[in-house]
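**Student:** If you scroll down you'll find the structure; I have some questions about it.
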Amino acid sequence: MKLANKLLKLALATALLLPPSSLWMGGNQAVHAESALDPAPVIAAKGTPNGKKVLFDNTHAQTAGAADWVIDGAFSDYGNALANIGYYVKELRKTTPINYDDLKDYDVFITAEANVPFKTYEQDAMLEYVQNGGSIFFIADHYNADRNKNRWDGSESFNGYRRGAWDNPAKGMNAEEAASPAMKDVKSSDWLGTNFGVRFRYNALGDITANNIVSEEQAFGITKGVKGVAMHAGATMAILDPKKAKGIVYLPNTSTKWANAVDQGVYNGGGIAEGPFVSVSKVGAGKAAFIGDSSPVEDATPKYKREETGATKTTYDGFKEVDDGVLLVNLVNWLSTKESYTSFDQVDGLQLDQPTQLLAIENPQTSTEPQSEPWAAPSAGYKWYDPTTYKAGSYGYTGGSTGGGNPGGGTTDPGAGAGITMTHLATLTAGQTFQVTVKATSLTPNSTVTLQLGTYVTGGTQVGRVQKDDGTWPTDYNYHSFNVTADAKGEATKVLTVQINSTAPAGSAKMRLRKDKSTVYQEDNVTIQ
């Protein structure tokens with residue numbers, strides 16, 4: 001990890017393994033990316049499975065700005081390291097809020113830099129999950145690491161309140177932002193501190209190796225083999241309740257704030273007084289862990305483009321730096337181990353921490369913004385809460401410009417080269433069948449291409465199914481595959497018979513064509529009656 005990483009963070013948020021998946025047709029390369037409607041990535045356990053499962057959050061802007069915190073992107077080193085020792089690893093992607101059922105079958109839930117705040121019932125679901133024996137790893141960053149420019153950074157989302165906006169979580173937002181689904185049921189609270197005994201501080205320290213390591217005997221074995229952990233512009237935590245929370249990695253004494261910190265940056269002169277850089281918590285039957293910077297977790301293989309600008313991301317090999325990877329794997333091993341004690345004062349021989357001394361500015365209800373937010377004006381047309389404004393190649397991108405000679409009124413990725421069009425009735429009727437004509441040009445002559453067609457309503461519920469070539473129907477409503485075969489000119493036509501589920505709600509729907517799970521054509525305003 002290098003200082004350049006955090007200088008880049010300023011330019012992005014002053015402050016994901018392979019390039020975006022591509023479709024080749026007719027020699028032209030088109031950039032595509034998944035959305036929450038596509039199947040989530042999985043890394044199967046390698047070697048001997050240990051029977052434990054880890055779920056990585058991708059529902060709270062984990063790919064906004066420079067971030068690419070997904071297991072097949074810039075968190076792939078971490079995901080693979082866990083799979084290599086027997087863990088089953090999966091990404092959580094969905095269009096609806098997190099609920100208990102999403103988490104209950106997993107041993108560990110990892111959420112990194114949630115740049116969209118958690119709703120009250122998402123907080124309730126996470127707390128229920130931990131109290132019932134699950135574990136959560138919260139990965140934060142320095143204050144004002146607001147990657148999608150919505151005025152919320154990851155530490156604020158985890159804590160439960162936005163600095164200087166206790167009375168109004170949507171402070172400074174325009175009417176459309178404030179009324180967006182992303183802000184619905186977001187309320188200020190000291191959620192993390194109240195329930196987990198620890199709170200992310202809104203400080204911002206510079207490039208420092210945290211080498212003040214608690215002995216493994218006093219750190220549940222988590223610090224075994226760990227002599228240092230890298231920080232590249234990050235935050236520490238305040239221990240509020242030593243019976244619930246304990247620090248295990250601290251910074252040396254330092255006055256080195258991040259060059260772009262918006263306040264004094266260093267609150268208590270570093271060291272133990274600054275609060276831990278890494279801490280753990282015991283709540284009910286479950287556990288939690290916390291780190292104040294994403295730099296130690298990332299690797300240099302981003303997957304997606306920037307949603308705001310479409311530019312290429314640059315990430316760094318923090319997972320390989322110092323003993324970062326060792327610590328991160330040790331944390332999951334501890335988190336995934338069930339233990340009967342419910343607070344740290346029940347552990348024989350464990351020395352409890354002293355509460356961190358807080359500054360007056362850290363009172364949640366009376367805190368103020370050091371400077372006006374967001375840190376920079378969003379690009380023209382970009383709306384953090386509206387994926388239809390995202391750029392090609394970003395996670396959540398829904399297609400290119402509307403029109404372009406597509407009879408179906410849909411969208412295709414500019415430059416796809418396939419010349420795909422799709423025609424059908426203007427209004428579809430629930431429970432009835434209709435025909436869809438798919439035409440493609442510039443295919444490889446005489447080649448056969450497999451495509452998938454799906455029709456879905458708001459929230460991602462699939463409501464369409466495609467009749468098979470043998471005349472039978474699939475039993476489910478979902479994406480269904482079909483083949484198109486090009487002639488000697490590279491042109492192909494396929495007529496499909498499609499049925500809309502009789503339970504489909506009236507209103508607007510979307511119809512999407514995919515190849516290898518990448519979108520090649522989409523209509524955003526299909527009407528169902």
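Following the order of the structure tokens, first chain is A, next is B, and so on, with residues numbered from 1 inside each chain and ligands from 1 in the order they appear.
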Report as a PyMOL selection string all protein, DNA and RNA residues lying within 8 Å of stretch 429-438 of chain A, evaluated on only C-alpha atoms, omitting residues in the same chain fewer than 5 positions from it.
**Tutor:** chain A and resi 420-424+493-506+528-529
**Student:** Residues of stretch 158-253 of chain A that have any atom at most 12 Å from an atom of stretch 89-109 of chain A: could you tabulate them with the shortest-distance atom pair and the distance in Å to one decimal, using only C-alpha atoms, ordered by chain and increasing number, as a tab-separated table?
**Tutor:**
```
residue	atom	partner	partner_atom	distance
A:Pro181	CA	A:Thr96	CA	9.7
A:Ala182	CA	A:Pro97	CA	9.2
A:Met183	CA	A:Pro97	CA	11.4
A:Lys184	CA	A:Pro97	CA	10.5
A:Asp185	CA	A:Pro97	CA	10.6
A:Val186	CA	A:Pro97	CA	11.5
```
**Student:** For those residues, write N, CA and C atoms to a file as a short mmCIF file (atom, residue, chain, number, x, y, z; two decimals), in the first residue's frame.
**Tutor:**
```cif
data_model
loop_
_atom_site.label_atom_id
_atom_site.label_comp_id
_atom_site.auth_asym_id
_atom_site.auth_seq_id
_atom_site.Cartn_x
_atom_site.Cartn_y
_atom_site.Cartn_z
N PRO A 181 -35.58 6.12 -2.01
CA PRO A 181 -35.68 4.90 -1.21
C PRO A 181 -34.45 4.66 -0.34
N ALA A 182 -33.29 5.12 -0.78
CA ALA A 182 -32.06 4.91 -0.01
C ALA A 182 -32.11 5.59 1.35
N MET A 183 -32.85 6.68 1.46
CA MET A 183 -32.91 7.42 2.72
C MET A 183 -34.16 7.10 3.54
N LYS A 184 -35.03 6.29 3.01
CA LYS A 184 -36.25 5.91 3.75
C LYS A 184 -35.89 5.11 4.99
N ASP A 185 -36.49 5.47 6.12
CA ASP A 185 -36.31 4.76 7.39
C ASP A 185 -34.88 4.81 7.91
N VAL A 186 -34.15 5.86 7.56
CA VAL A 186 -32.84 6.12 8.15
C VAL A 186 -33.04 7.10 9.30
#
```
**Student:** Which residues come within 6 Å of stretch 220-237 of chain A, counting only C-alpha atoms, excluding same-chain residues fewer than 4 positions away, as a ChimeraX atom specification?
**Tutor:** /A:141-142,199-201,203-211,216,258,275-277,292-293,296,322-324,330-331
**Student:** As a PyMOL selection string, please: the residues near A:Asp72 (cut-off 12 Å, only C-alpha atoms, same-chain neighbours under 4 positions excluded).
**Tutor:** chain A and resi 16-21+34+40-43+56+58+63+68+76-80+89-91+298-304
**Student:** So what do you get for atom CA of A:Ile85 versus atom CA of A:Phe319, distance-wise?
**Tutor:** 16.2 Å
**Student:** Pick out the closest residue to A:Thr455 from this set: A:Val526, A:Ala165, A:Val329, A:Ala273. Count only C-alpha atoms.
**Tutor:** A:Val526
**Student:** Using DSSP on the backbone coordinates, identify all residues within stretch 296-515 of chain A classified as strand (DSSP E); present the result as a VMD selection string.
**Tutor:** chain A and resid 421 to 423 427 to 428 433 to 440 448 to 457 464 to 466 480 to 485 492 to 500 507 to 515
**Student:** Please produce a file of those selected residues containing C-alpha atoms, as a CSV table (one decimal), in the first residue's frame.
**Tutor:**
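Result saved to out-v6.csv:
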```csv
chain,number,residue,atom,x,y,z
A,421,THR,CA,-33.0,-5.2,-31.6
A,422,MET,CA,-36.1,-6.7,-29.9
A,423,THR,CA,-39.8,-6.1,-30.9
A,427,THR,CA,-48.4,-3.6,-23.5
A,428,LEU,CA,-48.0,-7.0,-22.0
A,433,THR,CA,-48.3,-15.2,-23.9
A,434,PHE,CA,-46.8,-12.9,-26.6
A,435,GLN,CA,-44.1,-13.1,-29.1
A,436,VAL,CA,-40.7,-11.4,-29.0
A,437,THR,CA,-38.5,-11.1,-32.1
A,438,VAL,CA,-34.8,-10.8,-31.4
A,439,LYS,CA,-32.5,-9.7,-34.3
A,440,ALA,CA,-28.7,-9.5,-34.2
A,448,THR,CA,-24.3,-19.8,-32.5
A,449,VAL,CA,-24.7,-17.5,-29.5
A,450,THR,CA,-26.5,-18.3,-26.3
A,451,LEU,CA,-28.5,-15.5,-24.8
A,452,GLN,CA,-30.8,-15.2,-21.8
A,453,LEU,CA,-34.0,-13.2,-21.6
A,454,GLY,CA,-35.6,-12.0,-18.3
A,455,THR,CA,-38.5,-9.7,-17.5
A,456,TYR,CA,-38.6,-8.2,-14.0
A,457,VAL,CA,-40.4,-5.6,-11.9
A,464,GLY,CA,-41.4,-13.7,-17.4
A,465,ARG,CA,-40.6,-17.2,-18.8
A,466,VAL,CA,-39.6,-18.3,-22.3
A,480,HIS,CA,-34.1,-18.5,-19.6
A,481,SER,CA,-31.5,-19.3,-22.3
A,482,PHE,CA,-32.0,-19.6,-26.0
A,483,ASN,CA,-29.7,-19.9,-29.0
A,484,VAL,CA,-29.5,-17.7,-32.1
A,485,THR,CA,-27.5,-18.9,-35.1
A,492,ALA,CA,-29.6,-13.9,-36.9
A,493,THR,CA,-33.3,-13.7,-36.0
A,494,LYS,CA,-35.1,-15.6,-33.3
A,495,VAL,CA,-38.9,-15.5,-32.5
A,496,LEU,CA,-39.6,-16.4,-28.8
A,497,THR,CA,-42.9,-17.1,-27.1
A,498,VAL,CA,-42.9,-15.5,-23.7
A,499,GLN,CA,-45.5,-15.6,-20.8
A,500,ILE,CA,-45.9,-13.1,-18.0
A,507,GLY,CA,-47.2,-1.1,-14.0
A,508,SER,CA,-43.7,-0.7,-15.3
A,509,ALA,CA,-41.2,-3.5,-15.8
A,510,LYS,CA,-37.9,-4.1,-17.5
A,511,MET,CA,-36.9,-6.6,-20.1
A,512,ARG,CA,-33.2,-7.6,-20.4
A,513,LEU,CA,-31.1,-9.7,-22.8
A,514,ARG,CA,-27.8,-11.1,-21.4
A,515,LYS,CA,-24.9,-13.1,-22.7
```
**Student:** Could you tell me which of A:Ser447, A:Asn260, A:Thr309, A:Asn195 comes closest to A:Asn144 if we count only C-alpha atoms?
**Tutor:**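 Among the listed residues, A:Asn260 lies closest to A:Asn144.
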**Student:** Of the candidates A:Arg147, A:His60, A:Lys52, A:Arg163, which one gets nearest to A:Ser372 if we count only C-alpha atoms?
**Tutor:**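 Residue with the minimum atom-to-atom distance to A:Ser372: A:Arg163.
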**Student:** Using only C-alpha atoms, find the one residue out of A:Asp124, A:Glu217, A:Asp241, A:Asp345 that sits nearest to A:Thr194.
**Tutor:**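 For A:Thr194, the nearest of the given residues is A:Asp241.
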**Student:** Rank A:Gly349, A:Gly269, A:Pro374, A:Gly154 by their smallest atom-to-atom distance to A:Gln218, using only C-alpha atoms, and report the top residue only.
**Tutor:**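 For A:Gln218, the nearest of the candidates is A:Gly349.
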**Student:** Rounded to one decimal in Å, what is the spacing between atom CA of A:Ile213 and atom CA of A:Leu327?
**Tutor:**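 We find that atom CA of A:Ile213 and atom CA of A:Leu327 lie 10.9 Å from each other.
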**Student:** From the list A:Gln467, A:Asn84, A:Gln371, A:Ser189, which residue is nearest A:Asp263 when using only C-alpha atoms?
**Tutor:**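 When distances to A:Asp263 are compared using only C-alpha atoms, the smallest one comes from A:Gln371.
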